[in-house]
Amino acid sequence: METYGIEKLGIIGPKAVYRNMSPAKLTEAALRRGEGKLSETGALVVYTGKYTGRSPDDKFIVDTPTIHDEIAWGKVNRPISRERFDSIKSKICAYLQGREVFIFDGYAGADTKYRQKFRIINELASQNLFIHQLLIRPTDEELAQYGDPDYTLICAPGFKCDPEIDGVHSEAAILIDYEAHTIVICGSQYAGEIKKSVFSTMNYVMTKMDVLPMHCSANMDPQTHETAIFFGLSGTGKTTLSADPARKLIGDDEHGWSPDGVFNFEGGCYAKCINLSEENEPDIYHAIRFGSLVENVIMDEETRTFDFADGSLTENTRVGYPVDYIANSQIPGVGGIPKVVIFLTADAFGVLPPISRLSKNAAMYHFVTGFTSKLAGTERGITEPVPTFSTLFGEPFMPMSPSVYAKMLGDKLDKYGTKVYLVNTGWAGGSAAAGAKRMKLSYTRAMVSAALNGDFDQIEFKHHDIFNVDYPVSCPGVPDEKLDARGMWADKDEYDKQANKLAAMFKKNFADKYPFMDKDIVEAGPQPK
């Protein structure tokens with residue numbers, strides 16, 4: 001029995017080892033093992049049990065002298081000793097003895113100059129199907145010459161930690177050893193832990209190669225190859241706005257910006273399914289077919305059809321599929337130097353301009369800040385918008401200091417003259433709490449198109465004193481009055497009050513989280529009066 005080097009890790013005596021099986025064979029294996037069921041469209045449907053999303057409190061980084069000074073230790077990046085890591089890894093390897101083991105040897109990074117080889121070792125066939133579709137799949141020739149991986153990830157959801165003995169927080173653990181190039185995941189069947197562990201690894205190693213790792217989507221003009229990237233937290237419209245029928249989708253989530261251009265880290269997509277409809281998101285809807293893995297979507301047992309509106313298990317229902325299931329995808333996922341960077345926010349305060357242009361320092365400020373907001377209507381007594389600040393628009397996955405990534409962005413903006421815009425896809429003319437409506441999607445699309453097409457180069461801009469940004473006085477396809485955030489409010493004094501309130505939140509968050517950031521960047525942020 002070929003073991004593909006897993007005995008070096010301590011996995012000795014497995015029942016069987018399957019390497020780079022086809023999606024059909026992995027689906028068949030998952031069904032044979034009782035891991036899931038087929039939907040009407042042929043997708044494999046699984047339920048992930050207790051863990052229906054990432055478990056950030058259970059993620060640790062092995063603290064060694066080599067990497068200690070590079071990691072931004074704290075609530076996001078928690079240390080664990082090498083001894084604890086090795087102990088848990090040994091127990092997982094022993095657990096896998098006598099069991100079927102599924103291996104996927106693939107790549108992260110569509111640009112062959114920067115790509116990394118990842119060996120993913122799974123207890124579950126369904127999870128191996130997921131990562132087979134999410135990473136970049138080698139050709140037969142590449143697989144024959146694959147050799148040893150750059151990084152190895154072992155995932156065994158059936159192994160449960162003992163927190164008291166193992167020195168972790170629960171039965172689940174997500175442990176990354178950057179020095180040993182090894183990752184272990186146990187206790188959780190949520191497939192997103194695998195994807196995000198690969199991303200967290202790329203976010204460390206890419207900085208050594210002059211590549212800025214980014215939690216963003218990217219697309220490009222099929223004729224000119226001009227590329228744009230979109231940053232945004234959940235609910236800001238990142239997937240919707242980057243899925244432009246007039247442009248090719250490079251990728252929807254994880255990318256690198258190298259001296260040569262932008263490239264997708266992945267070969268697939270991991271899309272949310274809650275309230276999914278063919279009308280609103282046809283690409284994702286039609287990607288749920290044979291070869292896809294669907295997590296925690298309620299399916300009728302008899303008809304095998306989905307109820308996408310049912311969030312009884314979780315609102316975080318998901319589907320994983322290869323990017324070429326999207327008709328307008330760019331294969332391979334490589335584009336040019338970004339001409340435009342879009343930061344998306346959904347401001348429930350209703351005070352940020354619908355679109356504004358950012359200076360280099362302001363771009364670095366908003367990149368580090370990663371702002372959006374929402375109305376916490378599910379909590380009694382909360383009637384005001386709640387701000388969310390996620391460093392670099394992906395705080396849980398960034399192991400190094402924010403200043404490292406911010407400087408890389410600033411250097412690239414300087415070098416390439418890339419333009420940066422902040423787009424508010426949220427509320428206008430009042431706050432969400434006061435019953436205002438969100439900016440019409442057609443207007444937001446028109447603003448984004450104007451930014452991508454260079455239409456704003458010939459248009460006058462005004463300065464917003466509180467938010468310290470410049471906003472255009474006109475835009476093709478958008479009424480002029482819809483560009484003036486303050487002008488849309490009937491009560492101008494109330495606007496000023498809410499704008500200053502939000503600006504003060506920005507300022508406090510920045511002071512608390514980034515006290516050592518350069519003065520020029522600090523001063524480029526909002527300035528409450």
# chains A, B, ... in the order shown; residues from 1 in each chain; ligands from 1
call {"tool": "residues_around", "arguments": {"residues": "segment 439-448 of chain A", "least_positions_apart": "3", "cutoff": "6 Å", "atoms": "only C-alpha atoms", "output": "PyMOL selection string"}}
result
chain A and resi 427-428+451+477-478
call {"tool": "residues_around", "arguments": {"residues": "Phe371 of chain A", "least_positions_apart": "6", "cutoff": "8 Å", "atoms": "only C-alpha atoms", "output": "VMD selection string"}}
result
chain A and resid 233 345 387 to 390 393
call {"tool": "select_by_dssp", "arguments": {"residues": "segment 160-268 of chain A", "states": "strand (DSSP E)", "output": "PyMOL selection string"}}
result
chain A and resi 173-177+182-186+212-220+227-232+248-251+254-258+261-264+268
call {"tool": "write_last_selection", "arguments": {"atoms": "N, CA, C and O atoms", "output": "short mmCIF file (atom, residue, chain, number, x, y, z; two decimals), in the first residue's frame"}}
result
data_model
loop_
_atom_site.label_atom_id
_atom_site.label_comp_id
_atom_site.auth_asym_id
_atom_site.auth_seq_id
_atom_site.Cartn_x
_atom_site.Cartn_y
_atom_site.Cartn_z
N ALA A 173 -9.50 21.82 18.14
CA ALA A 173 -8.25 22.58 18.11
C ALA A 173 -7.82 22.79 16.67
O ALA A 173 -7.92 21.87 15.84
N ILE A 174 -7.37 24.01 16.39
CA ILE A 174 -6.80 24.35 15.09
C ILE A 174 -5.41 24.90 15.39
O ILE A 174 -5.27 25.99 15.96
N LEU A 175 -4.37 24.14 15.05
CA LEU A 175 -3.01 24.45 15.47
C LEU A 175 -2.11 24.60 14.24
O LEU A 175 -2.05 23.70 13.40
N ILE A 176 -1.40 25.73 14.17
CA ILE A 176 -0.50 25.99 13.04
C ILE A 176 0.93 26.10 13.55
O ILE A 176 1.22 26.89 14.46
N ASP A 177 1.81 25.29 12.98
CA ASP A 177 3.23 25.35 13.30
C ASP A 177 3.96 25.86 12.06
O ASP A 177 4.28 25.10 11.15
N THR A 182 3.53 22.54 9.47
CA THR A 182 2.50 21.54 9.75
C THR A 182 1.30 22.18 10.43
O THR A 182 1.46 23.06 11.28
N ILE A 183 0.11 21.73 10.05
CA ILE A 183 -1.15 22.21 10.63
C ILE A 183 -1.95 20.99 11.06
O ILE A 183 -2.00 19.99 10.33
N VAL A 184 -2.57 21.06 12.23
CA VAL A 184 -3.48 19.98 12.63
C VAL A 184 -4.82 20.58 13.04
O VAL A 184 -4.88 21.65 13.66
N ILE A 185 -5.89 19.90 12.65
CA ILE A 185 -7.26 20.31 12.98
C ILE A 185 -7.98 19.09 13.52
O ILE A 185 -7.94 18.02 12.91
N CYS A 186 -8.65 19.24 14.66
CA CYS A 186 -9.41 18.12 15.19
C CYS A 186 -10.66 18.63 15.90
O CYS A 186 -10.75 19.81 16.24
N LEU A 212 1.66 40.71 -1.19
CA LEU A 212 0.69 41.15 -0.19
C LEU A 212 -0.49 40.18 -0.20
O LEU A 212 -1.23 40.10 -1.18
N PRO A 213 -0.68 39.41 0.89
CA PRO A 213 -1.85 38.52 0.94
C PRO A 213 -3.09 39.32 1.33
O PRO A 213 -3.04 40.20 2.20
N MET A 214 -4.22 39.02 0.67
CA MET A 214 -5.42 39.85 0.85
C MET A 214 -6.67 39.00 0.96
O MET A 214 -6.85 38.04 0.19
N HIS A 215 -7.54 39.36 1.89
CA HIS A 215 -8.86 38.76 2.02
C HIS A 215 -9.81 39.60 1.16
O HIS A 215 -10.42 40.55 1.64
N CYS A 216 -9.92 39.26 -0.11
CA CYS A 216 -10.65 40.11 -1.05
C CYS A 216 -11.11 39.27 -2.23
O CYS A 216 -10.67 38.14 -2.42
N SER A 217 -12.01 39.85 -3.03
CA SER A 217 -12.35 39.27 -4.32
C SER A 217 -11.64 40.07 -5.41
O SER A 217 -11.13 41.17 -5.15
N ALA A 218 -11.58 39.52 -6.62
CA ALA A 218 -10.87 40.20 -7.70
C ALA A 218 -11.52 39.85 -9.04
O ALA A 218 -11.97 38.72 -9.25
N ASN A 219 -11.56 40.85 -9.93
CA ASN A 219 -12.02 40.59 -11.29
C ASN A 219 -11.21 41.43 -12.27
O ASN A 219 -10.40 42.27 -11.86
N MET A 220 -11.42 41.18 -13.57
CA MET A 220 -10.65 41.94 -14.55
C MET A 220 -11.42 42.10 -15.84
O MET A 220 -12.32 41.31 -16.17
N THR A 227 -7.26 45.08 -13.80
CA THR A 227 -7.73 44.29 -12.66
C THR A 227 -8.20 45.18 -11.53
O THR A 227 -7.67 46.28 -11.32
N ALA A 228 -9.22 44.73 -10.81
CA ALA A 228 -9.73 45.44 -9.63
C ALA A 228 -9.86 44.44 -8.50
O ALA A 228 -10.15 43.26 -8.72
N ILE A 229 -9.66 44.93 -7.26
CA ILE A 229 -9.83 44.07 -6.10
C ILE A 229 -10.84 44.71 -5.15
O ILE A 229 -10.94 45.94 -5.05
N PHE A 230 -11.60 43.87 -4.45
CA PHE A 230 -12.70 44.30 -3.59
C PHE A 230 -12.51 43.73 -2.19
O PHE A 230 -12.52 42.52 -2.01
N PHE A 231 -12.33 44.63 -1.22
CA PHE A 231 -12.29 44.22 0.18
C PHE A 231 -13.64 44.51 0.81
O PHE A 231 -14.28 45.51 0.50
N GLY A 232 -14.07 43.64 1.74
CA GLY A 232 -15.32 43.91 2.44
C GLY A 232 -15.69 42.78 3.36
O GLY A 232 -15.48 41.60 3.03
N LYS A 248 -14.27 39.33 -15.93
CA LYS A 248 -13.93 37.97 -15.55
C LYS A 248 -13.64 37.91 -14.05
O LYS A 248 -12.91 38.74 -13.51
N LEU A 249 -14.22 36.90 -13.37
CA LEU A 249 -13.97 36.71 -11.95
C LEU A 249 -12.67 35.94 -11.76
O LEU A 249 -12.55 34.79 -12.19
N ILE A 250 -11.69 36.58 -11.11
CA ILE A 250 -10.42 35.91 -10.79
C ILE A 250 -10.61 35.02 -9.58
O ILE A 250 -10.12 33.89 -9.53
N GLY A 251 -11.33 35.52 -8.59
CA GLY A 251 -11.60 34.74 -7.38
C GLY A 251 -12.45 35.54 -6.42
O GLY A 251 -12.56 36.76 -6.55
N GLU A 254 -9.62 34.99 -1.58
CA GLU A 254 -8.24 35.03 -1.09
C GLU A 254 -7.27 35.21 -2.25
O GLU A 254 -7.23 34.37 -3.17
N HIS A 255 -6.47 36.28 -2.17
CA HIS A 255 -5.57 36.62 -3.28
C HIS A 255 -4.23 37.13 -2.79
O HIS A 255 -4.09 37.54 -1.64
N GLY A 256 -3.27 37.14 -3.70
CA GLY A 256 -1.99 37.76 -3.45
C GLY A 256 -1.72 38.82 -4.50
O GLY A 256 -2.12 38.67 -5.65
N TRP A 257 -1.04 39.91 -4.08
CA TRP A 257 -0.62 40.98 -4.99
C TRP A 257 0.89 40.95 -5.04
O TRP A 257 1.58 41.34 -4.10
N SER A 258 1.41 40.42 -6.14
CA SER A 258 2.85 40.25 -6.33
C SER A 258 3.39 41.37 -7.23
O SER A 258 2.61 42.18 -7.76
N GLY A 261 1.41 41.02 -10.49
CA GLY A 261 -0.04 41.21 -10.59
C GLY A 261 -0.77 40.52 -9.45
O GLY A 261 -0.19 40.17 -8.41
N VAL A 262 -2.07 40.28 -9.65
CA VAL A 262 -2.92 39.64 -8.65
C VAL A 262 -3.14 38.19 -9.03
O VAL A 262 -3.32 37.87 -10.22
N PHE A 263 -3.12 37.29 -8.04
CA PHE A 263 -3.44 35.89 -8.33
C PHE A 263 -4.28 35.31 -7.20
O PHE A 263 -4.14 35.68 -6.03
N ASN A 264 -5.15 34.41 -7.58
CA ASN A 264 -6.03 33.72 -6.63
C ASN A 264 -5.22 32.68 -5.87
O ASN A 264 -4.42 31.96 -6.46
N GLY A 268 -11.24 27.35 -6.01
CA GLY A 268 -12.67 27.17 -5.79
C GLY A 268 -13.27 28.30 -5.00
O GLY A 268 -12.60 29.28 -4.68
#
call {"tool": "residues_around", "arguments": {"residues": "segment 37-45 of chain A", "least_positions_apart": "6", "cutoff": "8 Å", "atoms": "only C-alpha atoms", "output": "count of residues only"}}
result
18
call {"tool": "residues_around", "arguments": {"residues": "segment 153-169 of chain A", "least_positions_apart": "4", "cutoff": "9 Å", "atoms": "only C-alpha atoms", "output": "CSV table (one decimal) with C-alpha atoms, in the first residue's frame"}}
result
chain,number,residue,atom,x,y,z
A,57,ASP,CA,-11.1,30.6,20.4
A,58,ASP,CA,-9.7,27.2,19.5
A,59,LYS,CA,-7.1,28.4,17.1
A,60,PHE,CA,-3.4,28.5,18.2
A,80,ILE,CA,0.8,27.1,22.2
A,84,ARG,CA,1.6,20.6,23.4
A,85,PHE,CA,1.5,20.7,19.6
A,87,SER,CA,1.5,15.8,21.8
A,88,ILE,CA,-1.8,16.5,20.1
A,89,LYS,CA,-0.4,15.7,16.7
A,91,LYS,CA,-2.5,11.5,19.4
A,92,ILE,CA,-4.3,12.4,16.1
A,93,CYS,CA,-1.8,10.3,14.1
A,95,TYR,CA,-6.2,7.9,16.1
A,96,LEU,CA,-5.9,7.6,12.3
A,118,PHE,CA,-0.1,21.7,0.4
A,119,ARG,CA,-0.7,18.1,1.3
A,120,ILE,CA,-4.1,17.7,3.0
A,121,ILE,CA,-4.7,14.5,5.0
A,122,ASN,CA,-8.4,13.9,5.9
A,123,GLU,CA,-10.2,11.4,8.0
A,124,LEU,CA,-13.4,12.2,6.0
A,127,GLN,CA,-13.8,17.0,3.6
A,173,ALA,CA,-8.3,22.6,18.1
A,176,ILE,CA,-0.5,26.0,13.0
A,181,HIS,CA,5.3,23.6,8.2
A,182,THR,CA,2.5,21.5,9.7
A,183,ILE,CA,-1.1,22.2,10.6
A,184,VAL,CA,-3.5,20.0,12.6
A,185,ILE,CA,-7.3,20.3,13.0
A,186,CYS,CA,-9.4,18.1,15.2
A,187,GLY,CA,-12.8,18.1,16.9
A,188,SER,CA,-14.6,20.1,14.2
A,189,GLN,CA,-16.2,18.9,11.0
A,190,TYR,CA,-16.7,22.5,9.6
A,194,ILE,CA,-9.2,23.7,6.5
A,197,SER,CA,-5.9,27.4,7.9
A,198,VAL,CA,-4.3,27.3,4.4
call {"tool": "closest_residue", "arguments": {"among": "A:Met398, A:Arg357, A:Pro515, A:Phe367", "to": "Val473 of chain A", "atoms": "only C-alpha atoms"}}
result
A:Arg357
call {"tool": "select_by_dssp", "arguments": {"residues": "segment 144-386 of chain A", "states": "alpha helix (DSSP H)", "output": "JSON, numbers by chain"}}
result
{"A": [144, 163, 164, 165, 166, 192, 193, 194, 195, 196, 197, 198, 199, 200, 201, 202, 203, 204, 205, 238, 239, 240, 241, 242, 282, 283, 284, 285, 286, 287, 360, 361, 362, 363, 364, 365, 366, 367, 368, 369]}
call {"tool": "write_last_selection", "arguments": {"atoms": "N, CA, C and O atoms", "output": "short mmCIF file (atom, residue, chain, number, x, y, z; two decimals), in the first residue's frame"}}
result
data_model
loop_
_atom_site.label_atom_id
_atom_site.label_comp_id
_atom_site.auth_asym_id
_atom_site.auth_seq_id
_atom_site.Cartn_x
_atom_site.Cartn_y
_atom_site.Cartn_z
N ALA A 144 2.49 13.68 -10.79
CA ALA A 144 3.57 12.68 -10.90
C ALA A 144 4.89 13.25 -10.41
O ALA A 144 5.76 12.51 -9.94
N PRO A 163 -9.33 19.28 27.09
CA PRO A 163 -8.74 20.60 27.38
C PRO A 163 -7.77 20.59 28.55
O PRO A 163 -6.71 21.24 28.49
N GLU A 164 -8.08 19.87 29.60
CA GLU A 164 -7.22 19.87 30.79
C GLU A 164 -5.88 19.19 30.51
O GLU A 164 -4.83 19.65 30.95
N ILE A 165 -5.92 18.13 29.74
CA ILE A 165 -4.68 17.39 29.44
C ILE A 165 -3.91 18.05 28.30
O ILE A 165 -2.68 18.17 28.35
N ASP A 166 -4.65 18.50 27.27
CA ASP A 166 -4.00 18.98 26.05
C ASP A 166 -3.68 20.47 26.06
O ASP A 166 -3.01 20.97 25.15
N GLY A 192 -14.64 24.87 6.60
CA GLY A 192 -14.01 26.18 6.51
C GLY A 192 -12.74 26.28 7.33
O GLY A 192 -11.87 27.12 7.03
N GLU A 193 -12.59 25.45 8.37
CA GLU A 193 -11.36 25.48 9.16
C GLU A 193 -10.15 25.09 8.31
O GLU A 193 -9.05 25.62 8.50
N ILE A 194 -10.35 24.16 7.38
CA ILE A 194 -9.25 23.74 6.50
C ILE A 194 -8.86 24.89 5.58
O ILE A 194 -7.70 25.25 5.46
N LYS A 195 -9.86 25.45 4.93
CA LYS A 195 -9.63 26.55 3.99
C LYS A 195 -8.92 27.72 4.66
O LYS A 195 -7.93 28.25 4.14
N LYS A 196 -9.41 28.11 5.83
CA LYS A 196 -8.85 29.29 6.48
C LYS A 196 -7.48 29.01 7.12
O LYS A 196 -6.69 29.95 7.30
N SER A 197 -7.19 27.77 7.44
CA SER A 197 -5.85 27.43 7.93
C SER A 197 -4.82 27.55 6.80
O SER A 197 -3.69 28.01 7.02
N VAL A 198 -5.22 27.14 5.60
CA VAL A 198 -4.35 27.34 4.44
C VAL A 198 -4.14 28.84 4.20
O VAL A 198 -3.01 29.29 3.97
N PHE A 199 -5.21 29.61 4.28
CA PHE A 199 -5.13 31.06 4.09
C PHE A 199 -4.21 31.70 5.13
O PHE A 199 -3.36 32.54 4.80
N SER A 200 -4.39 31.31 6.39
CA SER A 200 -3.56 31.87 7.46
C SER A 200 -2.08 31.55 7.22
O SER A 200 -1.20 32.37 7.54
N THR A 201 -1.81 30.39 6.66
CA THR A 201 -0.43 30.01 6.35
C THR A 201 0.11 30.86 5.20
O THR A 201 1.23 31.39 5.26
N MET A 202 -0.69 31.03 4.16
CA MET A 202 -0.28 31.87 3.03
C MET A 202 -0.07 33.32 3.47
O MET A 202 0.83 34.02 2.95
N ASN A 203 -0.85 33.77 4.42
CA ASN A 203 -0.74 35.16 4.88
C ASN A 203 0.56 35.41 5.63
O ASN A 203 0.96 36.56 5.83
N TYR A 204 1.20 34.34 6.06
CA TYR A 204 2.51 34.46 6.69
C TYR A 204 3.62 34.31 5.65
O TYR A 204 4.48 35.18 5.51
N VAL A 205 3.57 33.24 4.87
CA VAL A 205 4.69 32.91 3.99
C VAL A 205 4.79 33.87 2.80
O VAL A 205 5.89 34.17 2.33
N LYS A 238 -19.38 42.22 -1.30
CA LYS A 238 -18.13 41.86 -1.97
C LYS A 238 -18.37 40.86 -3.11
O LYS A 238 -17.89 41.07 -4.23
N THR A 239 -19.10 39.80 -2.82
CA THR A 239 -19.35 38.78 -3.84
C THR A 239 -20.25 39.32 -4.94
O THR A 239 -20.00 39.12 -6.13
N THR A 240 -21.30 40.05 -4.54
CA THR A 240 -22.27 40.57 -5.51
C THR A 240 -21.63 41.55 -6.48
O THR A 240 -21.83 41.47 -7.70
N LEU A 241 -20.83 42.49 -5.96
CA LEU A 241 -20.28 43.55 -6.81
C LEU A 241 -19.09 43.08 -7.64
O LEU A 241 -18.83 43.63 -8.71
N SER A 242 -18.38 42.07 -7.18
CA SER A 242 -17.25 41.57 -7.97
C SER A 242 -17.72 40.62 -9.06
O SER A 242 -17.01 40.37 -10.03
N PRO A 282 -27.57 33.83 -9.43
CA PRO A 282 -27.67 32.66 -10.31
C PRO A 282 -26.39 31.84 -10.40
O PRO A 282 -26.45 30.61 -10.52
N ASP A 283 -25.22 32.50 -10.33
CA ASP A 283 -23.96 31.76 -10.45
C ASP A 283 -23.80 30.76 -9.32
O ASP A 283 -23.46 29.59 -9.54
N ILE A 284 -24.03 31.22 -8.09
CA ILE A 284 -23.90 30.32 -6.94
C ILE A 284 -24.99 29.25 -6.97
O ILE A 284 -24.73 28.06 -6.74
N TYR A 285 -26.21 29.66 -7.30
CA TYR A 285 -27.34 28.74 -7.35
C TYR A 285 -27.05 27.56 -8.27
O TYR A 285 -27.31 26.40 -7.93
N HIS A 286 -26.50 27.84 -9.44
CA HIS A 286 -26.25 26.78 -10.43
C HIS A 286 -24.94 26.04 -10.18
O HIS A 286 -24.66 25.04 -10.86
N ALA A 287 -24.13 26.53 -9.24
CA ALA A 287 -22.89 25.83 -8.89
C ALA A 287 -23.14 24.68 -7.92
O ALA A 287 -22.25 23.87 -7.67
N LYS A 360 -3.26 57.82 -0.31
CA LYS A 360 -2.51 56.62 0.08
C LYS A 360 -2.59 56.39 1.59
O LYS A 360 -2.84 55.27 2.05
N ASN A 361 -2.38 57.44 2.38
CA ASN A 361 -2.41 57.27 3.84
C ASN A 361 -3.81 56.91 4.33
O ASN A 361 -3.97 56.10 5.24
N ALA A 362 -4.83 57.51 3.70
CA ALA A 362 -6.20 57.18 4.07
C ALA A 362 -6.52 55.73 3.70
O ALA A 362 -7.23 55.02 4.42
N ALA A 363 -5.98 55.27 2.56
CA ALA A 363 -6.17 53.88 2.16
C ALA A 363 -5.55 52.93 3.17
O ALA A 363 -6.15 51.91 3.56
N MET A 364 -4.37 53.26 3.65
CA MET A 364 -3.71 52.43 4.66
C MET A 364 -4.52 52.44 5.96
O MET A 364 -4.65 51.42 6.63
N TYR A 365 -5.07 53.61 6.31
CA TYR A 365 -5.90 53.73 7.51
C TYR A 365 -7.13 52.83 7.41
O TYR A 365 -7.42 52.05 8.32
N HIS A 366 -7.85 52.92 6.31
CA HIS A 366 -9.09 52.13 6.18
C HIS A 366 -8.80 50.65 5.96
O HIS A 366 -9.61 49.79 6.35
N PHE A 367 -7.66 50.33 5.36
CA PHE A 367 -7.25 48.93 5.20
C PHE A 367 -7.03 48.30 6.57
O PHE A 367 -7.52 47.20 6.87
N VAL A 368 -6.31 49.00 7.43
CA VAL A 368 -6.04 48.50 8.77
C VAL A 368 -7.33 48.44 9.60
O VAL A 368 -7.56 47.51 10.37
N THR A 369 -8.21 49.44 9.42
CA THR A 369 -9.42 49.54 10.24
C THR A 369 -10.45 48.48 9.91
O THR A 369 -11.04 47.86 10.80
#
call {"tool": "residues_around", "arguments": {"residues": "Pro354 of chain A", "least_positions_apart": "6", "cutoff": "7 Å", "atoms": "only C-alpha atoms", "output": "PyMOL selection string"}}
result
chain A and resi 423-425+483+485
call {"tool": "atom_distance", "arguments": {"atom1": "atom CA of Gln133 of chain A", "atom2": "atom CA of Tyr321 of chain A"}}
result
5.5 Å
call {"tool": "atom_distance", "arguments": {"atom1": "atom CA of Lys50 of chain A", "atom2": "atom CA of Gly106 of chain A"}}
result
28.7 Å
call {"tool": "closest_residue", "arguments": {"among": "A:Ser431, A:Thr391, A:Ser474, A:Gln97", "to": "Asn509 of chain A", "atoms": "only C-alpha atoms"}}
result
A:Thr391
call {"tool": "residues_around", "arguments": {"residues": "Gly235 of chain A", "least_positions_apart": "4", "cutoff": "9 Å", "atoms": "only C-alpha atoms", "output": "PyMOL selection string"}}
result
chain A and resi 345-346+372+374
call {"tool": "atom_distance", "arguments": {"atom1": "atom CA of Pro353 of chain A", "atom2": "atom CA of Ile337 of chain A"}}
result
27.0 Å
call {"tool": "decode", "arguments": {"residues": "segment 97-149 of chain A", "atoms": "C-alpha atoms", "output": "JSON list (two decimals), in the first residue's frame"}}
result
[["chain", "number", "residue", "atom", "x", "y", "z"],
["A", 97, "GLN", "CA", -4.20, 4.14, 12.51],
["A", 98, "GLY", "CA", -6.52, 1.44, 11.23],
["A", 99, "ARG", "CA", -8.72, 4.01, 9.44],
["A", 100, "GLU", "CA", -9.17, 5.06, 5.84],
["A", 101, "VAL", "CA", -7.08, 8.15, 5.03],
["A", 102, "PHE", "CA", -7.80, 10.51, 2.14],
["A", 103, "ILE", "CA", -5.01, 12.69, 0.75],
["A", 104, "PHE", "CA", -5.20, 15.66, -1.57],
["A", 105, "ASP", "CA", -1.94, 17.01, -2.94],
["A", 106, "GLY", "CA", -2.60, 20.41, -4.45],
["A", 107, "TYR", "CA", -1.52, 24.02, -4.65],
["A", 108, "ALA", "CA", -2.32, 27.37, -3.10],
["A", 109, "GLY", "CA", -1.51, 30.16, -5.54],
["A", 110, "ALA", "CA", -2.56, 30.29, -9.19],
["A", 111, "ASP", "CA", 0.70, 32.02, -10.17],
["A", 112, "THR", "CA", 3.24, 29.18, -10.46],
["A", 113, "LYS", "CA", 6.04, 31.57, -9.44],
["A", 114, "TYR", "CA", 4.60, 31.92, -5.94],
["A", 115, "ARG", "CA", 2.40, 28.87, -5.40],
["A", 116, "GLN", "CA", 2.88, 26.57, -2.43],
["A", 117, "LYS", "CA", 2.35, 22.81, -2.29],
["A", 118, "PHE", "CA", -0.14, 21.69, 0.36],
["A", 119, "ARG", "CA", -0.73, 18.06, 1.34],
["A", 120, "ILE", "CA", -4.15, 17.74, 3.00],
["A", 121, "ILE", "CA", -4.72, 14.53, 4.97],
["A", 122, "ASN", "CA", -8.36, 13.87, 5.87],
["A", 123, "GLU", "CA", -10.25, 11.38, 7.99],
["A", 124, "LEU", "CA", -13.44, 12.22, 6.03],
["A", 125, "ALA", "CA", -13.91, 11.68, 2.31],
["A", 126, "SER", "CA", -16.38, 14.59, 2.26],
["A", 127, "GLN", "CA", -13.79, 17.01, 3.61],
["A", 128, "ASN", "CA", -11.25, 15.73, 1.10],
["A", 129, "LEU", "CA", -13.80, 16.43, -1.65],
["A", 130, "PHE", "CA", -14.18, 19.96, -0.27],
["A", 131, "ILE", "CA", -10.47, 20.79, -0.29],
["A", 132, "HIS", "CA", -10.03, 19.05, -3.68],
["A", 133, "GLN", "CA", -12.48, 21.61, -5.07],
["A", 134, "LEU", "CA", -11.23, 24.60, -3.03],
["A", 135, "LEU", "CA", -7.51, 24.39, -3.75],
["A", 136, "ILE", "CA", -5.81, 24.34, -7.13],
["A", 137, "ARG", "CA", -5.87, 20.88, -8.63],
["A", 138, "PRO", "CA", -2.63, 19.55, -10.19],
["A", 139, "THR", "CA", -2.57, 18.03, -13.64],
["A", 140, "ASP", "CA", -1.58, 14.35, -13.93],
["A", 141, "GLU", "CA", 1.93, 15.45, -14.95],
["A", 142, "GLU", "CA", 2.22, 17.84, -11.99],
["A", 143, "LEU", "CA", 0.99, 15.16, -9.60],
["A", 144, "ALA", "CA", 3.57, 12.68, -10.90],
["A", 145, "GLN", "CA", 6.32, 15.21, -10.15],
["A", 146, "TYR", "CA", 4.78, 16.57, -6.94],
["A", 147, "GLY", "CA", 7.41, 15.32, -4.48],
["A", 148, "ASP", "CA", 7.29, 16.52, -0.89],
["A", 149, "PRO", "CA", 4.79, 19.23, 0.08]]
